[in-house]
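Below: the structure, in structure tokens.
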Amino acid sequence: LALRKLAGSKVDITEKMFKEAYYDNYGPRVKAKMIVVDNPRRGQELAERLNAEPDKFEEFARDFSVEPNSKSLGGSIPPIRRYSGAHEELRNTAFRMKEAGEISPLIQVGPAAYAILKYEGRTEPVDHNPEDVKAELYEELHEREVQMLVAETFDELKKKARVDNYLTGEKASPIRRASATSEDKVPFEFSEPSLN
């Protein structure tokens, strides 16, 4: 609670954040199927095969995807939002696609994760007056930002804290830059130049 109170006082919801949240909740989303692989070479080969045979996407998803949830569903995933939920490059690629059945290039979505999308269209936007949902979106954004700031604040506090574990006898102190003491200094040796 103390962390939430500390973090909550720093939250600032901008107009841009509100517009993005409104679009995410009420704007169109991309309907797609996805295959995730853990090897870029294998992913590139699979993307080439899919471009030649896009109708086999579901079959290839079940055979080759390493993402268990969508694998069992033939690559089916929830519609992709424009500003949140998925990896940024995946979202950007999805929203650039236009033709139903279009296969994306290989997209790196993690250190050892590469995705291929099959575009299936877009959802219809929900017609809403932004003012009618402003309070609800503000609460949603505020909660999201507080959660992020709580994590950041906790990490900062951990870095500054001294931890004494009396059970194990271990002690952890924050790393501080201290000035060198006389014992830390390397003695300077003076030698006379030779005359030769």
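Ordering of the structure tokens sets the chain letters (A, B, ...), residue numbers begin anew at 1 in every chain, and ligands are numbered from 1 in the order given.
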
Name all residues at most 12 Å from Asn25 in chain A (count only C-alpha atoms; drop same-chain ones fewer than 5 positions away) and give them as a PDB file with all heavy atoms, in the first residue's frame.
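Output contents, as saved in selection_20.pdb:
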```pdb
ATOM      1  N   PHE A  18      -4.495   8.924 -23.255  1.00  0.00           N
ATOM      2  CA  PHE A  18      -5.940   8.739 -23.281  1.00  0.00           C
ATOM      3  C   PHE A  18      -6.409   8.363 -24.683  1.00  0.00           C
ATOM      4  O   PHE A  18      -7.211   7.434 -24.858  1.00  0.00           O
ATOM      5  CB  PHE A  18      -6.652  10.004 -22.797  1.00  0.00           C
ATOM      6  CG  PHE A  18      -8.142   9.898 -22.878  1.00  0.00           C
ATOM      7  CD1 PHE A  18      -8.851   9.168 -21.946  1.00  0.00           C
ATOM      8  CD2 PHE A  18      -8.829  10.503 -23.917  1.00  0.00           C
ATOM      9  CE1 PHE A  18     -10.231   9.036 -22.032  1.00  0.00           C
ATOM     10  CE2 PHE A  18     -10.203  10.377 -24.014  1.00  0.00           C
ATOM     11  CZ  PHE A  18     -10.907   9.647 -23.066  1.00  0.00           C
ATOM     12  N   LYS A  19      -5.913   9.062 -25.712  1.00  0.00           N
ATOM     13  CA  LYS A  19      -6.316   8.773 -27.096  1.00  0.00           C
ATOM     14  C   LYS A  19      -5.915   7.355 -27.502  1.00  0.00           C
ATOM     15  O   LYS A  19      -6.672   6.651 -28.166  1.00  0.00           O
ATOM     16  CB  LYS A  19      -5.702   9.795 -28.050  1.00  0.00           C
ATOM     17  CG  LYS A  19      -6.383  11.145 -27.991  1.00  0.00           C
ATOM     18  CD  LYS A  19      -5.733  12.139 -28.924  1.00  0.00           C
ATOM     19  CE  LYS A  19      -6.444  13.481 -28.844  1.00  0.00           C
ATOM     20  NZ  LYS A  19      -5.792  14.514 -29.644  1.00  0.00           N
ATOM     21  N   GLU A  20      -4.702   6.943 -27.109  1.00  0.00           N
ATOM     22  CA  GLU A  20      -4.247   5.586 -27.434  1.00  0.00           C
ATOM     23  C   GLU A  20      -5.106   4.536 -26.729  1.00  0.00           C
ATOM     24  O   GLU A  20      -5.469   3.521 -27.318  1.00  0.00           O
ATOM     25  CB  GLU A  20      -2.770   5.419 -27.072  1.00  0.00           C
ATOM     26  CG  GLU A  20      -1.845   6.173 -27.995  1.00  0.00           C
ATOM     27  CD  GLU A  20      -0.376   6.059 -27.609  1.00  0.00           C
ATOM     28  OE1 GLU A  20      -0.055   5.411 -26.577  1.00  0.00           O
ATOM     29  OE2 GLU A  20       0.458   6.627 -28.332  1.00  0.00           O
ATOM     30  N   PRO A  79      -7.623 -10.700 -31.354  1.00  0.00           N
ATOM     31  CA  PRO A  79      -7.311  -9.562 -32.226  1.00  0.00           C
ATOM     32  C   PRO A  79      -6.242  -8.663 -31.612  1.00  0.00           C
ATOM     33  O   PRO A  79      -6.201  -8.454 -30.402  1.00  0.00           O
ATOM     34  CB  PRO A  79      -8.656  -8.837 -32.353  1.00  0.00           C
ATOM     35  CG  PRO A  79      -9.671  -9.917 -32.134  1.00  0.00           C
ATOM     36  CD  PRO A  79      -9.060 -10.824 -31.095  1.00  0.00           C
ATOM     37  N   ILE A  80      -5.372  -8.147 -32.465  1.00  0.00           N
ATOM     38  CA  ILE A  80      -4.226  -7.350 -32.030  1.00  0.00           C
ATOM     39  C   ILE A  80      -4.626  -5.882 -31.903  1.00  0.00           C
ATOM     40  O   ILE A  80      -5.139  -5.281 -32.843  1.00  0.00           O
ATOM     41  CB  ILE A  80      -3.057  -7.502 -33.026  1.00  0.00           C
ATOM     42  CG1 ILE A  80      -2.637  -8.978 -33.112  1.00  0.00           C
ATOM     43  CG2 ILE A  80      -1.881  -6.620 -32.636  1.00  0.00           C
ATOM     44  CD1 ILE A  80      -1.692  -9.295 -34.258  1.00  0.00           C
ATOM     45  N   ARG A  81      -4.390  -5.323 -30.723  1.00  0.00           N
ATOM     46  CA  ARG A  81      -4.669  -3.905 -30.480  1.00  0.00           C
ATOM     47  C   ARG A  81      -3.559  -3.053 -31.088  1.00  0.00           C
ATOM     48  O   ARG A  81      -2.435  -3.507 -31.255  1.00  0.00           O
ATOM     49  CB  ARG A  81      -4.740  -3.626 -28.978  1.00  0.00           C
ATOM     50  CG  ARG A  81      -5.864  -4.329 -28.277  1.00  0.00           C
ATOM     51  CD  ARG A  81      -5.734  -4.120 -26.775  1.00  0.00           C
ATOM     52  NE  ARG A  81      -6.802  -4.760 -26.058  1.00  0.00           N
ATOM     53  CZ  ARG A  81      -7.534  -4.166 -25.133  1.00  0.00           C
ATOM     54  NH1 ARG A  81      -7.283  -2.922 -24.791  1.00  0.00           N
ATOM     55  NH2 ARG A  81      -8.496  -4.811 -24.528  1.00  0.00           N
ATOM     56  N   ARG A  82      -3.850  -1.796 -31.317  1.00  0.00           N
ATOM     57  CA  ARG A  82      -2.871  -0.905 -31.958  1.00  0.00           C
ATOM     58  C   ARG A  82      -1.756  -0.482 -31.004  1.00  0.00           C
ATOM     59  O   ARG A  82      -0.612  -0.372 -31.396  1.00  0.00           O
ATOM     60  CB  ARG A  82      -3.570   0.341 -32.509  1.00  0.00           C
ATOM     61  CG  ARG A  82      -2.627   1.297 -33.218  1.00  0.00           C
ATOM     62  CD  ARG A  82      -2.050   0.621 -34.444  1.00  0.00           C
ATOM     63  NE  ARG A  82      -0.994   1.368 -35.071  1.00  0.00           N
ATOM     64  CZ  ARG A  82       0.311   1.083 -34.952  1.00  0.00           C
ATOM     65  NH1 ARG A  82       0.701   0.089 -34.177  1.00  0.00           N
ATOM     66  NH2 ARG A  82       1.217   1.772 -35.583  1.00  0.00           N
ATOM     67  N   TYR A  83      -2.068  -0.223 -29.746  1.00  0.00           N
ATOM     68  CA  TYR A  83      -1.063   0.373 -28.863  1.00  0.00           C
ATOM     69  C   TYR A  83      -0.659  -0.470 -27.666  1.00  0.00           C
ATOM     70  O   TYR A  83       0.228  -0.076 -26.922  1.00  0.00           O
ATOM     71  CB  TYR A  83      -1.550   1.739 -28.346  1.00  0.00           C
ATOM     72  CG  TYR A  83      -1.707   2.750 -29.458  1.00  0.00           C
ATOM     73  CD1 TYR A  83      -2.963   3.079 -29.945  1.00  0.00           C
ATOM     74  CD2 TYR A  83      -0.592   3.340 -30.039  1.00  0.00           C
ATOM     75  CE1 TYR A  83      -3.106   3.997 -30.977  1.00  0.00           C
ATOM     76  CE2 TYR A  83      -0.729   4.255 -31.075  1.00  0.00           C
ATOM     77  CZ  TYR A  83      -1.988   4.583 -31.542  1.00  0.00           C
ATOM     78  OH  TYR A  83      -2.122   5.477 -32.560  1.00  0.00           O
ATOM     79  N   SER A  84      -1.299  -1.597 -27.423  1.00  0.00           N
ATOM     80  CA  SER A  84      -0.921  -2.365 -26.238  1.00  0.00           C
ATOM     81  C   SER A  84      -1.173  -3.842 -26.457  1.00  0.00           C
ATOM     82  O   SER A  84      -1.831  -4.243 -27.411  1.00  0.00           O
ATOM     83  CB  SER A  84      -1.708  -1.889 -25.007  1.00  0.00           C
ATOM     84  OG  SER A  84      -3.076  -2.208 -25.149  1.00  0.00           O
ATOM     85  N   GLY A  85      -0.648  -4.638 -25.527  1.00  0.00           N
ATOM     86  CA  GLY A  85      -0.924  -6.069 -25.514  1.00  0.00           C
ATOM     87  C   GLY A  85       0.132  -6.923 -26.164  1.00  0.00           C
ATOM     88  O   GLY A  85       0.557  -7.907 -25.600  1.00  0.00           O
ATOM     89  N   THR A 123     -11.343  -5.869 -37.093  1.00  0.00           N
ATOM     90  CA  THR A 123     -12.634  -5.808 -36.419  1.00  0.00           C
ATOM     91  C   THR A 123     -13.256  -4.444 -36.705  1.00  0.00           C
ATOM     92  O   THR A 123     -12.552  -3.489 -37.066  1.00  0.00           O
ATOM     93  CB  THR A 123     -12.477  -5.989 -34.899  1.00  0.00           C
ATOM     94  OG1 THR A 123     -11.684  -4.908 -34.384  1.00  0.00           O
ATOM     95  CG2 THR A 123     -11.841  -7.315 -34.559  1.00  0.00           C
ATOM     96  N   GLU A 124     -14.548  -4.345 -36.502  1.00  0.00           N
ATOM     97  CA  GLU A 124     -15.242  -3.065 -36.673  1.00  0.00           C
ATOM     98  C   GLU A 124     -15.011  -2.197 -35.439  1.00  0.00           C
ATOM     99  O   GLU A 124     -15.094  -2.696 -34.316  1.00  0.00           O
ATOM    100  CB  GLU A 124     -16.741  -3.286 -36.867  1.00  0.00           C
ATOM    101  CG  GLU A 124     -17.100  -3.912 -38.200  1.00  0.00           C
ATOM    102  CD  GLU A 124     -16.771  -3.016 -39.372  1.00  0.00           C
ATOM    103  OE1 GLU A 124     -17.016  -1.792 -39.286  1.00  0.00           O
ATOM    104  OE2 GLU A 124     -16.241  -3.537 -40.374  1.00  0.00           O
ATOM    105  N   PRO A 125     -14.739  -0.911 -35.631  1.00  0.00           N
ATOM    106  CA  PRO A 125     -14.620  -0.041 -34.450  1.00  0.00           C
ATOM    107  C   PRO A 125     -15.960   0.085 -33.740  1.00  0.00           C
ATOM    108  O   PRO A 125     -17.018  -0.036 -34.352  1.00  0.00           O
ATOM    109  CB  PRO A 125     -14.170   1.304 -35.038  1.00  0.00           C
ATOM    110  CG  PRO A 125     -14.461   1.233 -36.492  1.00  0.00           C
ATOM    111  CD  PRO A 125     -14.544  -0.204 -36.892  1.00  0.00           C
ATOM    112  N   VAL A 126     -15.910   0.319 -32.435  1.00  0.00           N
ATOM    113  CA  VAL A 126     -17.122   0.501 -31.634  1.00  0.00           C
ATOM    114  C   VAL A 126     -17.399   1.990 -31.564  1.00  0.00           C
ATOM    115  O   VAL A 126     -16.535   2.774 -31.172  1.00  0.00           O
ATOM    116  CB  VAL A 126     -16.929  -0.077 -30.206  1.00  0.00           C
ATOM    117  CG1 VAL A 126     -18.176   0.162 -29.367  1.00  0.00           C
ATOM    118  CG2 VAL A 126     -16.573  -1.547 -30.285  1.00  0.00           C
ATOM    119  N   ASP A 127     -18.594   2.374 -31.968  1.00  0.00           N
ATOM    120  CA  ASP A 127     -18.950   3.792 -31.989  1.00  0.00           C
ATOM    121  C   ASP A 127     -19.278   4.258 -30.571  1.00  0.00           C
ATOM    122  O   ASP A 127     -20.227   3.767 -29.956  1.00  0.00           O
ATOM    123  CB  ASP A 127     -20.142   4.017 -32.925  1.00  0.00           C
ATOM    124  CG  ASP A 127     -20.341   5.488 -33.238  1.00  0.00           C
ATOM    125  OD1 ASP A 127     -19.374   6.260 -33.117  1.00  0.00           O
ATOM    126  OD2 ASP A 127     -21.468   5.867 -33.600  1.00  0.00           O
ATOM    127  N   HIS A 128     -18.460   5.157 -30.046  1.00  0.00           N
ATOM    128  CA  HIS A 128     -18.610   5.675 -28.686  1.00  0.00           C
ATOM    129  C   HIS A 128     -18.218   7.140 -28.670  1.00  0.00           C
ATOM    130  O   HIS A 128     -17.325   7.559 -29.390  1.00  0.00           O
ATOM    131  CB  HIS A 128     -17.644   4.956 -27.733  1.00  0.00           C
ATOM    132  CG  HIS A 128     -18.250   3.874 -26.925  1.00  0.00           C
ATOM    133  ND1 HIS A 128     -19.133   4.099 -25.907  1.00  0.00           N
ATOM    134  CD2 HIS A 128     -18.088   2.545 -26.981  1.00  0.00           C
ATOM    135  CE1 HIS A 128     -19.493   2.957 -25.371  1.00  0.00           C
ATOM    136  NE2 HIS A 128     -18.874   1.986 -26.020  1.00  0.00           N
ATOM    137  N   PRO A 130     -16.070   9.624 -26.819  1.00  0.00           N
ATOM    138  CA  PRO A 130     -14.965   9.525 -25.863  1.00  0.00           C
ATOM    139  C   PRO A 130     -15.285  10.094 -24.486  1.00  0.00           C
ATOM    140  O   PRO A 130     -14.811   9.588 -23.477  1.00  0.00           O
ATOM    141  CB  PRO A 130     -13.836  10.325 -26.531  1.00  0.00           C
ATOM    142  CG  PRO A 130     -14.148  10.289 -27.984  1.00  0.00           C
ATOM    143  CD  PRO A 130     -15.647  10.246 -28.078  1.00  0.00           C
ATOM    144  N   VAL A 133     -16.790   7.606 -21.874  1.00  0.00           N
ATOM    145  CA  VAL A 133     -15.947   6.570 -21.282  1.00  0.00           C
ATOM    146  C   VAL A 133     -14.648   7.131 -20.694  1.00  0.00           C
ATOM    147  O   VAL A 133     -13.767   6.382 -20.300  1.00  0.00           O
ATOM    148  CB  VAL A 133     -15.624   5.464 -22.320  1.00  0.00           C
ATOM    149  CG1 VAL A 133     -16.878   4.703 -22.694  1.00  0.00           C
ATOM    150  CG2 VAL A 133     -14.935   6.040 -23.550  1.00  0.00           C
ATOM    151  N   LYS A 134     -14.561   8.446 -20.641  1.00  0.00           N
ATOM    152  CA  LYS A 134     -13.323   9.082 -20.180  1.00  0.00           C
ATOM    153  C   LYS A 134     -12.947   8.672 -18.754  1.00  0.00           C
ATOM    154  O   LYS A 134     -11.799   8.338 -18.483  1.00  0.00           O
ATOM    155  CB  LYS A 134     -13.439  10.600 -20.287  1.00  0.00           C
ATOM    156  CG  LYS A 134     -12.121  11.314 -20.126  1.00  0.00           C
ATOM    157  CD  LYS A 134     -12.208  12.753 -20.558  1.00  0.00           C
ATOM    158  CE  LYS A 134     -10.809  13.321 -20.671  1.00  0.00           C
ATOM    159  NZ  LYS A 134     -10.792  14.610 -21.343  1.00  0.00           N
ATOM    160  N   GLU A 136     -13.805   5.981 -17.050  1.00  0.00           N
ATOM    161  CA  GLU A 136     -13.426   4.563 -17.029  1.00  0.00           C
ATOM    162  C   GLU A 136     -12.017   4.362 -17.594  1.00  0.00           C
ATOM    163  O   GLU A 136     -11.201   3.638 -17.017  1.00  0.00           O
ATOM    164  CB  GLU A 136     -14.448   3.784 -17.864  1.00  0.00           C
ATOM    165  CG  GLU A 136     -14.206   2.306 -17.939  1.00  0.00           C
ATOM    166  CD  GLU A 136     -15.219   1.640 -18.860  1.00  0.00           C
ATOM    167  OE1 GLU A 136     -16.391   2.043 -18.881  1.00  0.00           O
ATOM    168  OE2 GLU A 136     -14.802   0.707 -19.567  1.00  0.00           O
ATOM    169  N   LEU A 137     -11.725   5.025 -18.715  1.00  0.00           N
ATOM    170  CA  LEU A 137     -10.386   4.903 -19.317  1.00  0.00           C
ATOM    171  C   LEU A 137      -9.323   5.523 -18.418  1.00  0.00           C
ATOM    172  O   LEU A 137      -8.210   5.008 -18.320  1.00  0.00           O
ATOM    173  CB  LEU A 137     -10.350   5.556 -20.697  1.00  0.00           C
ATOM    174  CG  LEU A 137     -11.068   4.807 -21.806  1.00  0.00           C
ATOM    175  CD1 LEU A 137     -11.040   5.614 -23.097  1.00  0.00           C
ATOM    176  CD2 LEU A 137     -10.442   3.442 -22.036  1.00  0.00           C
ATOM    177  N   GLU A 140      -8.483   3.040 -15.760  1.00  0.00           N
ATOM    178  CA  GLU A 140      -7.697   1.954 -16.342  1.00  0.00           C
ATOM    179  C   GLU A 140      -6.241   2.387 -16.556  1.00  0.00           C
ATOM    180  O   GLU A 140      -5.310   1.672 -16.201  1.00  0.00           O
ATOM    181  CB  GLU A 140      -8.336   1.556 -17.673  1.00  0.00           C
ATOM    182  CG  GLU A 140      -7.682   0.404 -18.379  1.00  0.00           C
ATOM    183  CD  GLU A 140      -8.357   0.123 -19.717  1.00  0.00           C
ATOM    184  OE1 GLU A 140      -9.587  -0.058 -19.748  1.00  0.00           O
ATOM    185  OE2 GLU A 140      -7.635   0.097 -20.733  1.00  0.00           O
ATOM    186  N   LEU A 141      -6.059   3.575 -17.132  1.00  0.00           N
ATOM    187  CA  LEU A 141      -4.713   4.096 -17.378  1.00  0.00           C
ATOM    188  C   LEU A 141      -3.978   4.356 -16.059  1.00  0.00           C
ATOM    189  O   LEU A 141      -2.791   4.043 -15.932  1.00  0.00           O
ATOM    190  CB  LEU A 141      -4.781   5.400 -18.175  1.00  0.00           C
ATOM    191  CG  LEU A 141      -5.066   5.264 -19.651  1.00  0.00           C
ATOM    192  CD1 LEU A 141      -5.401   6.624 -20.247  1.00  0.00           C
ATOM    193  CD2 LEU A 141      -3.872   4.652 -20.363  1.00  0.00           C
TER     194      LEU A 141
END
```

Write down as a ChimeraX atom specification the residues of range 61-179 of chain A whose backbone DSSP state falls under strand (DSSP E). /A:107-110,113-122,163-165,170-172

Keeping only N, CA and C atoms, take the residues you just selected and write them out as a compact mmCIF listing (two decimals), in the first residue's frame.
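And here's part-v1.txt as it stands now:
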```txt
# COMPACT_ATOMS: atom_id res chain seq x y z
N ILE A 107 9.16 -11.67 -37.81
CA ILE A 107 9.21 -10.55 -36.86
C ILE A 107 9.85 -11.05 -35.57
N GLN A 108 10.94 -10.40 -35.13
CA GLN A 108 11.55 -10.78 -33.86
C GLN A 108 10.72 -10.18 -32.73
N VAL A 109 10.22 -11.06 -31.83
CA VAL A 109 9.37 -10.61 -30.73
C VAL A 109 9.98 -10.91 -29.36
N GLY A 110 11.19 -11.43 -29.34
CA GLY A 110 11.87 -11.75 -28.10
C GLY A 110 13.28 -12.19 -28.40
N ALA A 113 12.59 -15.57 -30.00
CA ALA A 113 11.20 -15.77 -30.45
C ALA A 113 10.96 -14.94 -31.70
N TYR A 114 10.45 -15.61 -32.73
CA TYR A 114 10.20 -14.98 -34.03
C TYR A 114 8.80 -15.35 -34.47
N ALA A 115 8.03 -14.36 -34.93
CA ALA A 115 6.63 -14.60 -35.28
C ALA A 115 6.39 -14.37 -36.76
N ILE A 116 5.40 -15.10 -37.27
CA ILE A 116 4.88 -14.90 -38.63
C ILE A 116 3.37 -14.75 -38.48
N LEU A 117 2.81 -13.72 -39.11
CA LEU A 117 1.38 -13.47 -39.05
C LEU A 117 0.71 -13.79 -40.38
N LYS A 118 -0.53 -14.20 -40.29
CA LYS A 118 -1.39 -14.31 -41.47
C LYS A 118 -2.55 -13.35 -41.23
N TYR A 119 -2.64 -12.32 -42.05
CA TYR A 119 -3.64 -11.27 -41.89
C TYR A 119 -5.02 -11.78 -42.32
N GLU A 120 -6.02 -11.53 -41.47
CA GLU A 120 -7.38 -11.98 -41.78
C GLU A 120 -8.40 -10.84 -41.78
N GLY A 121 -7.94 -9.61 -41.64
CA GLY A 121 -8.86 -8.48 -41.67
C GLY A 121 -8.81 -7.69 -40.38
N ARG A 122 -9.84 -6.86 -40.20
CA ARG A 122 -9.92 -6.02 -39.00
C ARG A 122 -11.30 -6.10 -38.38
N VAL A 163 20.31 -5.06 3.31
CA VAL A 163 19.56 -6.24 3.76
C VAL A 163 20.46 -7.10 4.63
N ASP A 164 20.03 -7.34 5.87
CA ASP A 164 20.74 -8.22 6.79
C ASP A 164 19.90 -9.46 7.01
N ASN A 165 20.38 -10.61 6.56
CA ASN A 165 19.67 -11.87 6.77
C ASN A 165 20.28 -12.53 8.00
N GLU A 170 24.11 -13.46 6.01
CA GLU A 170 24.49 -12.68 4.83
C GLU A 170 24.04 -11.24 4.96
N LYS A 171 24.85 -10.37 4.39
CA LYS A 171 24.52 -8.95 4.38
C LYS A 171 24.69 -8.43 2.97
N ALA A 172 23.76 -7.59 2.55
CA ALA A 172 23.84 -6.98 1.22
C ALA A 172 23.64 -5.49 1.39
```

Excluding same-chain residues fewer than 4 positions from Met34 in chain A, what lies within 10 Å of it counting only C-alpha atoms, as a count of residues only? 18

Interatomic distance between CA of Lys31 in chain A and CA of Asn92 in chain A? 13.5 Å

Best match for closeness to Lys16 in chain A among A:Tyr138, A:Pro78, A:Ala94, A:Ala151, counting only C-alpha atoms: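 The answer is A:Tyr138, which sits nearest to Lys16 in chain A.
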
Determine which residues of range 55-129 of chain A DSSP labels as alpha helix (DSSP H) from the backbone of this structure, then write them out as a compact mmCIF listing (two decimals) with C-alpha atoms, in the first residue's frame.
```
# COMPACT_ATOMS: atom_id res chain seq x y z
CA PHE A 57 -0.99 -21.79 -42.24
CA GLU A 58 -3.14 -23.59 -39.66
CA GLU A 59 -1.43 -26.91 -40.39
CA PHE A 60 2.04 -25.35 -40.15
CA ALA A 61 1.05 -23.59 -36.90
CA ARG A 62 0.10 -26.93 -35.30
CA ASP A 63 3.30 -28.58 -36.61
CA PHE A 64 5.92 -25.88 -36.08
CA PRO A 68 1.43 -23.67 -26.97
CA ASN A 69 -1.81 -21.63 -26.72
CA SER A 70 -2.08 -20.63 -30.38
CA LYS A 71 -0.40 -23.84 -31.64
CA GLU A 88 5.48 -3.27 -30.62
CA GLU A 89 7.03 -4.56 -33.86
CA LEU A 90 4.31 -7.23 -34.11
CA ARG A 91 1.61 -4.55 -33.71
CA ASN A 92 3.24 -2.27 -36.27
CA THR A 93 3.54 -5.10 -38.80
CA ALA A 94 -0.04 -6.24 -38.23
CA PHE A 95 -1.44 -2.75 -38.80
CA ARG A 96 0.60 -2.31 -42.02
```
